[in-house]
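Participant: What follows is target37.pdb, PDB, C-alpha atoms.
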```pdb
ATOM      1  CA  MET A 218      26.098 -30.649  38.303
ATOM      2  CA  VAL A 219      24.488 -28.115  35.947
ATOM      3  CA  GLN A 220      25.814 -24.569  35.870
ATOM      4  CA  ARG A 221      23.282 -21.885  36.794
ATOM      5  CA  VAL A 222      22.645 -19.210  34.198
ATOM      6  CA  THR A 223      21.250 -15.742  34.938
ATOM      7  CA  TYR A 224      19.842 -13.059  32.669
ATOM      8  CA  ARG A 225      22.446 -10.542  31.524
ATOM      9  CA  ARG A 226      20.049  -7.593  31.355
ATOM     10  CA  ARG A 227      17.886  -5.892  33.965
ATOM     11  CA  LEU A 228      14.599  -7.372  32.749
ATOM     12  CA  SER A 229      14.084 -10.490  34.860
ATOM     13  CA  TYR A 230      10.866 -11.840  33.355
ATOM     14  CA  ASN A 231      10.366 -14.287  30.501
ATOM     15  CA  THR A 232       8.648 -11.845  28.156
ATOM     16  CA  LYS A 233       8.526 -11.622  24.346
ATOM     17  CA  SER A 234      11.318  -9.038  24.365
ATOM     18  CA  ASN A 235      13.548 -11.099  26.700
ATOM     19  CA  LYS A 236      13.935 -14.363  24.789
ATOM     20  CA  THR A 237      17.259 -16.155  25.201
ATOM     21  CA  ARG A 238      19.173 -19.291  24.388
ATOM     22  CA  ILE A 239      22.061 -20.870  26.210
ATOM     23  CA  ILE A 240      25.471 -20.851  24.540
ATOM     24  CA  LYS A 241      28.868 -22.123  25.620
ATOM     25  CA  THR A 242      31.644 -19.526  25.612
ATOM     26  CA  PRO A 243      35.202 -20.355  24.484
ATOM     27  CA  GLY A 244      36.117 -20.411  28.173
ATOM     28  CA  GLY A 245      33.683 -23.282  28.731
ATOM     29  CA  GLN A 246      31.050 -21.282  30.632
ATOM     30  CA  LEU A 247      27.338 -21.315  29.871
ATOM     31  CA  ARG A 248      25.759 -17.936  29.135
ATOM     32  CA  TYR A 249      22.409 -16.581  27.990
ATOM     33  CA  LEU A 250      22.412 -15.144  24.468
ATOM     34  CA  HIS A 251      19.607 -12.613  24.043
ATOM     35  CA  ILE A 252      17.720 -13.166  20.788
ATOM     36  CA  LYS A 253      16.211 -10.363  18.722
ATOM     37  CA  LYS A 254      12.578 -10.607  17.684
ATOM     38  CA  ASN A 255      11.758 -11.965  14.241
ATOM     39  CA  THR A 256      11.122  -9.297  11.654
ATOM     40  CA  ALA A 257       8.091  -8.986   9.400
ATOM     41  CA  ALA A 258       8.530  -7.833   5.816
ATOM     42  CA  VAL A 259       7.075  -4.507   4.703
ATOM     43  CA  LYS A 260       3.757  -5.268   3.035
ATOM     44  CA  CYS A 261       1.716  -3.609   0.295
ATOM     45  CA  GLY A 262      -1.078  -1.478   1.732
ATOM     46  CA  ASP A 263      -3.586  -2.702  -0.863
ATOM     47  CA  CYS A 264      -2.989  -6.416  -1.418
ATOM     48  CA  GLY A 265      -0.794  -7.320   1.571
ATOM     49  CA  THR A 266       2.074  -8.989  -0.310
ATOM     50  CA  ALA A 267       5.677  -8.426   0.810
ATOM     51  CA  LEU A 268       7.341  -5.559  -1.044
ATOM     52  CA  PRO A 269      10.414  -6.643  -3.016
ATOM     53  CA  GLY A 270      13.476  -4.397  -2.875
ATOM     54  CA  ILE A 271      12.954  -3.285   0.721
ATOM     55  CA  PRO A 272      14.984  -4.951   3.483
ATOM     56  CA  THR A 273      13.237  -6.776   6.302
ATOM     57  CA  LEU A 274      14.346  -5.056   9.518
ATOM     58  CA  ARG A 275      13.141  -4.133  12.976
ATOM     59  CA  PRO A 276      11.558  -0.641  13.182
ATOM     60  CA  VAL A 277      14.588   0.858  14.966
ATOM     61  CA  ASP A 278      16.912  -0.394  12.232
ATOM     62  CA  TYR A 279      14.894   1.434   9.553
ATOM     63  CA  ALA A 280      15.891   4.690  11.239
ATOM     64  CA  ARG A 281      19.562   3.787  10.768
ATOM     65  CA  ILE A 282      19.469   3.082   7.032
ATOM     66  CA  SER A 283      19.309   5.726   4.301
ATOM     67  CA  LYS A 284      16.138   6.686   2.454
ATOM     68  CA  PRO A 285      17.075   5.078  -0.903
ATOM     69  CA  GLN A 286      17.329   1.724   0.896
ATOM     70  CA  LYS A 287      13.811   2.125   2.338
ATOM     71  CA  THR A 288      12.008   2.941  -0.908
ATOM     72  CA  VAL A 289      11.756   1.955  -4.558
ATOM     73  CA  SER A 290      12.130   4.646  -7.236
ATOM     74  CA  ARG A 291       8.538   4.605  -8.464
ATOM     75  CA  ALA A 292       5.259   6.276  -7.565
ATOM     76  CA  TYR A 293       4.098   4.813  -4.223
ATOM     77  CA  GLY A 294       7.540   3.130  -3.897
ATOM     78  CA  GLY A 295       7.920   1.499  -0.497
ATOM     79  CA  SER A 296       4.182   1.649   0.141
ATOM     80  CA  ARG A 297       2.426  -0.217  -2.696
ATOM     81  CA  CYS A 298       3.556  -3.040  -4.965
ATOM     82  CA  ALA A 299       4.004  -2.571  -8.719
ATOM     83  CA  THR A 300       0.803  -4.435  -9.643
ATOM     84  CA  CYS A 301      -1.340  -2.288  -7.345
ATOM     85  CA  VAL A 302       0.263   0.920  -8.675
ATOM     86  CA  ARG A 303      -0.396  -0.252 -12.244
ATOM     87  CA  GLY A 304      -4.009  -0.959 -11.294
ATOM     88  CA  ARG A 305      -4.406   2.491  -9.731
ATOM     89  CA  ILE A 306      -3.008   4.234 -12.806
ATOM     90  CA  LEU A 307      -5.206   2.185 -15.126
ATOM     91  CA  ARG A 308      -8.299   2.848 -12.994
ATOM     92  CA  ALA A 309      -7.621   6.601 -12.960
ATOM     93  CA  PHE A 310      -7.128   6.611 -16.743
ATOM     94  CA  LEU A 311     -10.336   4.674 -17.381
ATOM     95  CA  ILE A 312     -12.342   6.952 -15.071
ATOM     96  CA  GLU A 313     -11.071  10.016 -16.969
ATOM     97  CA  GLU A 314     -11.889   8.362 -20.295
ATOM     98  CA  GLN A 315     -15.381   7.535 -19.037
ATOM     99  CA  LYS A 316     -15.931  11.177 -18.061
ATOM    100  CA  ILE A 317     -14.917  12.306 -21.564
ATOM    101  CA  VAL A 318     -17.232   9.727 -23.194
ATOM    102  CA  LYS A 319     -20.158  10.863 -21.021
ATOM    103  CA  LYS A 320     -19.486  14.476 -21.959
ATOM    104  CA  VAL A 321     -19.381  13.665 -25.696
ATOM    105  CA  LEU A 322     -22.589  11.585 -25.516
ATOM    106  CA  LYS A 323     -24.382  14.373 -23.657
ATOM    107  CA  GLN A 324     -23.260  16.864 -26.309
ATOM    108  CA  GLN A 325     -24.512  14.608 -29.101
ATOM    109  CA  GLN A 326     -27.890  14.164 -27.403
ATOM    110  CA  GLU A 327     -28.256  17.930 -27.003
ATOM    111  CA  GLU A 328     -27.441  18.454 -30.692
ATOM    112  CA  GLN A 329     -29.998  15.797 -31.685
ATOM    113  CA  ALA A 330     -32.597  17.423 -29.461
ATOM    114  CA  LYS A 331     -31.933  20.831 -31.071
ATOM    115  CA  ALA A 332     -32.164  19.308 -34.560
ATOM    116  CA  ALA A 333     -35.448  17.599 -33.657
ATOM    117  CA  LYS A 334     -36.900  20.886 -32.357
ATOM    118  CA  LYS A 335     -35.929  22.708 -35.543
ATOM    119  CA  GLU A 336     -37.619  20.046 -37.673
ATOM    120  CA  ALA A 337     -40.727  20.002 -35.486
ATOM    121  CA  LYS A 338     -41.296  23.781 -35.516
ATOM    122  CA  PRO A 339     -41.736  24.233 -39.290
ATOM    123  CA  ALA A 340     -44.043  21.200 -39.482
ATOM    124  CA  LYS A 341     -46.370  22.778 -36.893
ATOM    125  CA  LYS A 342     -46.468  26.032 -38.848
ATOM    126  CA  SER A 343     -47.357  24.192 -42.030
ATOM    127  CA  ASN A 344     -50.200  22.396 -40.209
ATOM    128  CA  LYS A 345     -51.672  25.727 -39.124
ATOM    129  CA  SER A 346     -51.482  27.172 -42.641
ATOM    130  CA  LYS A 347     -53.368  24.163 -44.073
ATOM    131  CA  LYS A 348     -56.318  24.828 -41.774
TER     132      LYS A 348
END
```
Rewrite the coordinates I just gave you, this time as C-alpha cells.
Facilitator:
Amino acid sequence: MVQRVTYRRRLSYNTKSNKTRIIKTPGGQLRYLHIKKNTAAVKCGDCGTALPGIPTLRPVDYARISKPQKTVSRAYGGSRCATCVRGRILRAFLIEEQKIVKKVLKQQQEEQAKAAKKEAKPAKKSNKSKK
C-alpha cells in the first residue's frame, strides 16, 4: 500500500508557487519537499544578454545580499553590459565630435561668404567708374 502524502504548507492547490517532489526521510516516511522557483539571470537592458558578475537569485534574496554583490564597479554596472556601455560612450563622443565639426564648417562658410562679399564690392565700384 502507498503512503499518503499531504502538503506541508497552508496552500492546498497545485500552483506555480506550490511545486513539490516526494522524498524519503531517514525514518522511512514519504514527505513533500517544496521546491523554489527557478531563477532568471539579470539581463542587460539594451541587448538582453545575462550580466556577468551578478548572482542569479530570486527577488527576495537580492534584498538580503549587500550592494557590492548586486553591481559591477563601472558606469551602468548591474544594469547594462560592458559592450553596451562602450557603445553608449562611443556614440556620445561621436555626437559631440560631429557637433564640433558642424560648428567649424559653418564658421568656415561664413568666412568664405564675407571674403566673397569684400571681393564683389570693389568690382562693382570699378564697373560704375568705367561707365
Participant: Please measure the separation of CA of Thr288 in chain A and CA of Ile271 in chain A, giving the value in Å to one decimal.
Facilitator: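 Separation between CA of Thr288 in chain A and CA of Ile271 in chain A: 6.5 Å.
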Participant: Where does the PyMOL selection byres ((chain A and resi 223) around 8) land in this file, that is, which residues does it pick, as a list in words?
Facilitator: Arg221, Val222, Tyr224, Arg225, Arg248 and Tyr249 of chain A
Participant: Can I get the selection written as a tab-separated table (two decimals), in the coordinates of the input, with C-alpha atoms?
Facilitator:
```
chain	number	residue	atom	x	y	z
A	221	ARG	CA	23.28	-21.88	36.79
A	222	VAL	CA	22.64	-19.21	34.20
A	224	TYR	CA	19.84	-13.06	32.67
A	225	ARG	CA	22.45	-10.54	31.52
A	248	ARG	CA	25.76	-17.94	29.14
A	249	TYR	CA	22.41	-16.58	27.99
```
Participant: Considering all atoms listed in the file, return as an mmCIF file with C-alpha atoms, keeping the file's coordinate frame whatever protein or nucleic-acid residues lie within 12 Å of Pro276 in chain A, sequence-local ones (same chain, fewer than 6 positions apart) excluded.
Facilitator:
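Result file follows (around-v6.cif):
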```
data_model
loop_
_atom_site.group_PDB
_atom_site.id
_atom_site.type_symbol
_atom_site.label_atom_id
_atom_site.label_comp_id
_atom_site.auth_asym_id
_atom_site.auth_seq_id
_atom_site.Cartn_x
_atom_site.Cartn_y
_atom_site.Cartn_z
ATOM 1 C CA LYS A 254 12.578 -10.607 17.684
ATOM 2 C CA ASN A 255 11.758 -11.965 14.241
ATOM 3 C CA THR A 256 11.122 -9.297 11.654
ATOM 4 C CA ALA A 257 8.091 -8.986 9.400
ATOM 5 C CA ALA A 258 8.530 -7.833 5.816
ATOM 6 C CA VAL A 259 7.075 -4.507 4.703
ATOM 7 C CA ILE A 282 19.469 3.082 7.032
ATOM 8 C CA LYS A 287 13.811 2.125 2.338
#
```
Participant: Build an axis-aligned box that encloses every atom of range 265-271 of chain A listed in the file, pad it by 5 Å on each side, and report its centre and edge lengths in Å to one decimal, as JSON.
Facilitator:
```
{"center_x": 6.3, "center_y": -6.1, "center_z": -0.7, "size_x": 24.3, "size_y": 15.7, "size_z": 14.6}
```
Participant: How many Å lie between CA of Cys298 in chain A and CA of Lys253 in chain A, rounded to one decimal?
Facilitator: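 Pair CA of Cys298 in chain A / CA of Lys253 in chain A returns 27.8 Å.
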Participant: For the provided coordinates, the residues matched by the PyMOL selection byres ((chain A and resi 301) around 12) should be stated as a compact mmCIF listing (two decimals) with C-alpha atoms, in the frame of the given file.
Facilitator:
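Once written, result-v6.txt looks like this:
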```txt
# COMPACT_ATOMS: atom_id res chain seq x y z
CA LYS A 260 3.76 -5.27 3.04
CA CYS A 261 1.72 -3.61 0.30
CA GLY A 262 -1.08 -1.48 1.73
CA ASP A 263 -3.59 -2.70 -0.86
CA CYS A 264 -2.99 -6.42 -1.42
CA GLY A 265 -0.79 -7.32 1.57
CA THR A 266 2.07 -8.99 -0.31
CA LEU A 268 7.34 -5.56 -1.04
CA ALA A 292 5.26 6.28 -7.56
CA TYR A 293 4.10 4.81 -4.22
CA GLY A 294 7.54 3.13 -3.90
CA SER A 296 4.18 1.65 0.14
CA ARG A 297 2.43 -0.22 -2.70
CA CYS A 298 3.56 -3.04 -4.96
CA ALA A 299 4.00 -2.57 -8.72
CA THR A 300 0.80 -4.43 -9.64
CA VAL A 302 0.26 0.92 -8.68
CA ARG A 303 -0.40 -0.25 -12.24
CA GLY A 304 -4.01 -0.96 -11.29
CA ARG A 305 -4.41 2.49 -9.73
CA ILE A 306 -3.01 4.23 -12.81
CA LEU A 307 -5.21 2.18 -15.13
CA ARG A 308 -8.30 2.85 -12.99
```
Participant: How would you write, as a list in words, the residues chosen by the PyMOL selection byres ((chain A and resi 232-236) around 10) on this structure?
Facilitator: Tyr224, Arg226, Arg227, Leu228, Ser229, Tyr230, Asn231, Thr237, Arg238, Tyr249, Leu250, His251, Ile252, Lys253 and Lys254 of chain A
Participant: Next, dump the selected residues to file, keeping only C-alpha atoms, as a PDB file, in the coordinates of the input.
Facilitator:
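Final output, part.pdb:
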```
ATOM      1  CA  TYR A 224      19.842 -13.059  32.669  1.00  0.00           C
ATOM      2  CA  ARG A 226      20.049  -7.593  31.355  1.00  0.00           C
ATOM      3  CA  ARG A 227      17.886  -5.892  33.965  1.00  0.00           C
ATOM      4  CA  LEU A 228      14.599  -7.372  32.749  1.00  0.00           C
ATOM      5  CA  SER A 229      14.084 -10.490  34.860  1.00  0.00           C
ATOM      6  CA  TYR A 230      10.866 -11.840  33.355  1.00  0.00           C
ATOM      7  CA  ASN A 231      10.366 -14.287  30.501  1.00  0.00           C
ATOM      8  CA  THR A 237      17.259 -16.155  25.201  1.00  0.00           C
ATOM      9  CA  ARG A 238      19.173 -19.291  24.388  1.00  0.00           C
ATOM     10  CA  TYR A 249      22.409 -16.581  27.990  1.00  0.00           C
ATOM     11  CA  LEU A 250      22.412 -15.144  24.468  1.00  0.00           C
ATOM     12  CA  HIS A 251      19.607 -12.613  24.043  1.00  0.00           C
ATOM     13  CA  ILE A 252      17.720 -13.166  20.788  1.00  0.00           C
ATOM     14  CA  LYS A 253      16.211 -10.363  18.722  1.00  0.00           C
ATOM     15  CA  LYS A 254      12.578 -10.607  17.684  1.00  0.00           C
TER      16      LYS A 254
END
```
Participant: Distance CA of Gln220 in chain A-CA of Lys241 in chain A, one decimal place?
Facilitator: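 Going from CA of Gln220 in chain A over to CA of Lys241 in chain A covers 11.0 Å.
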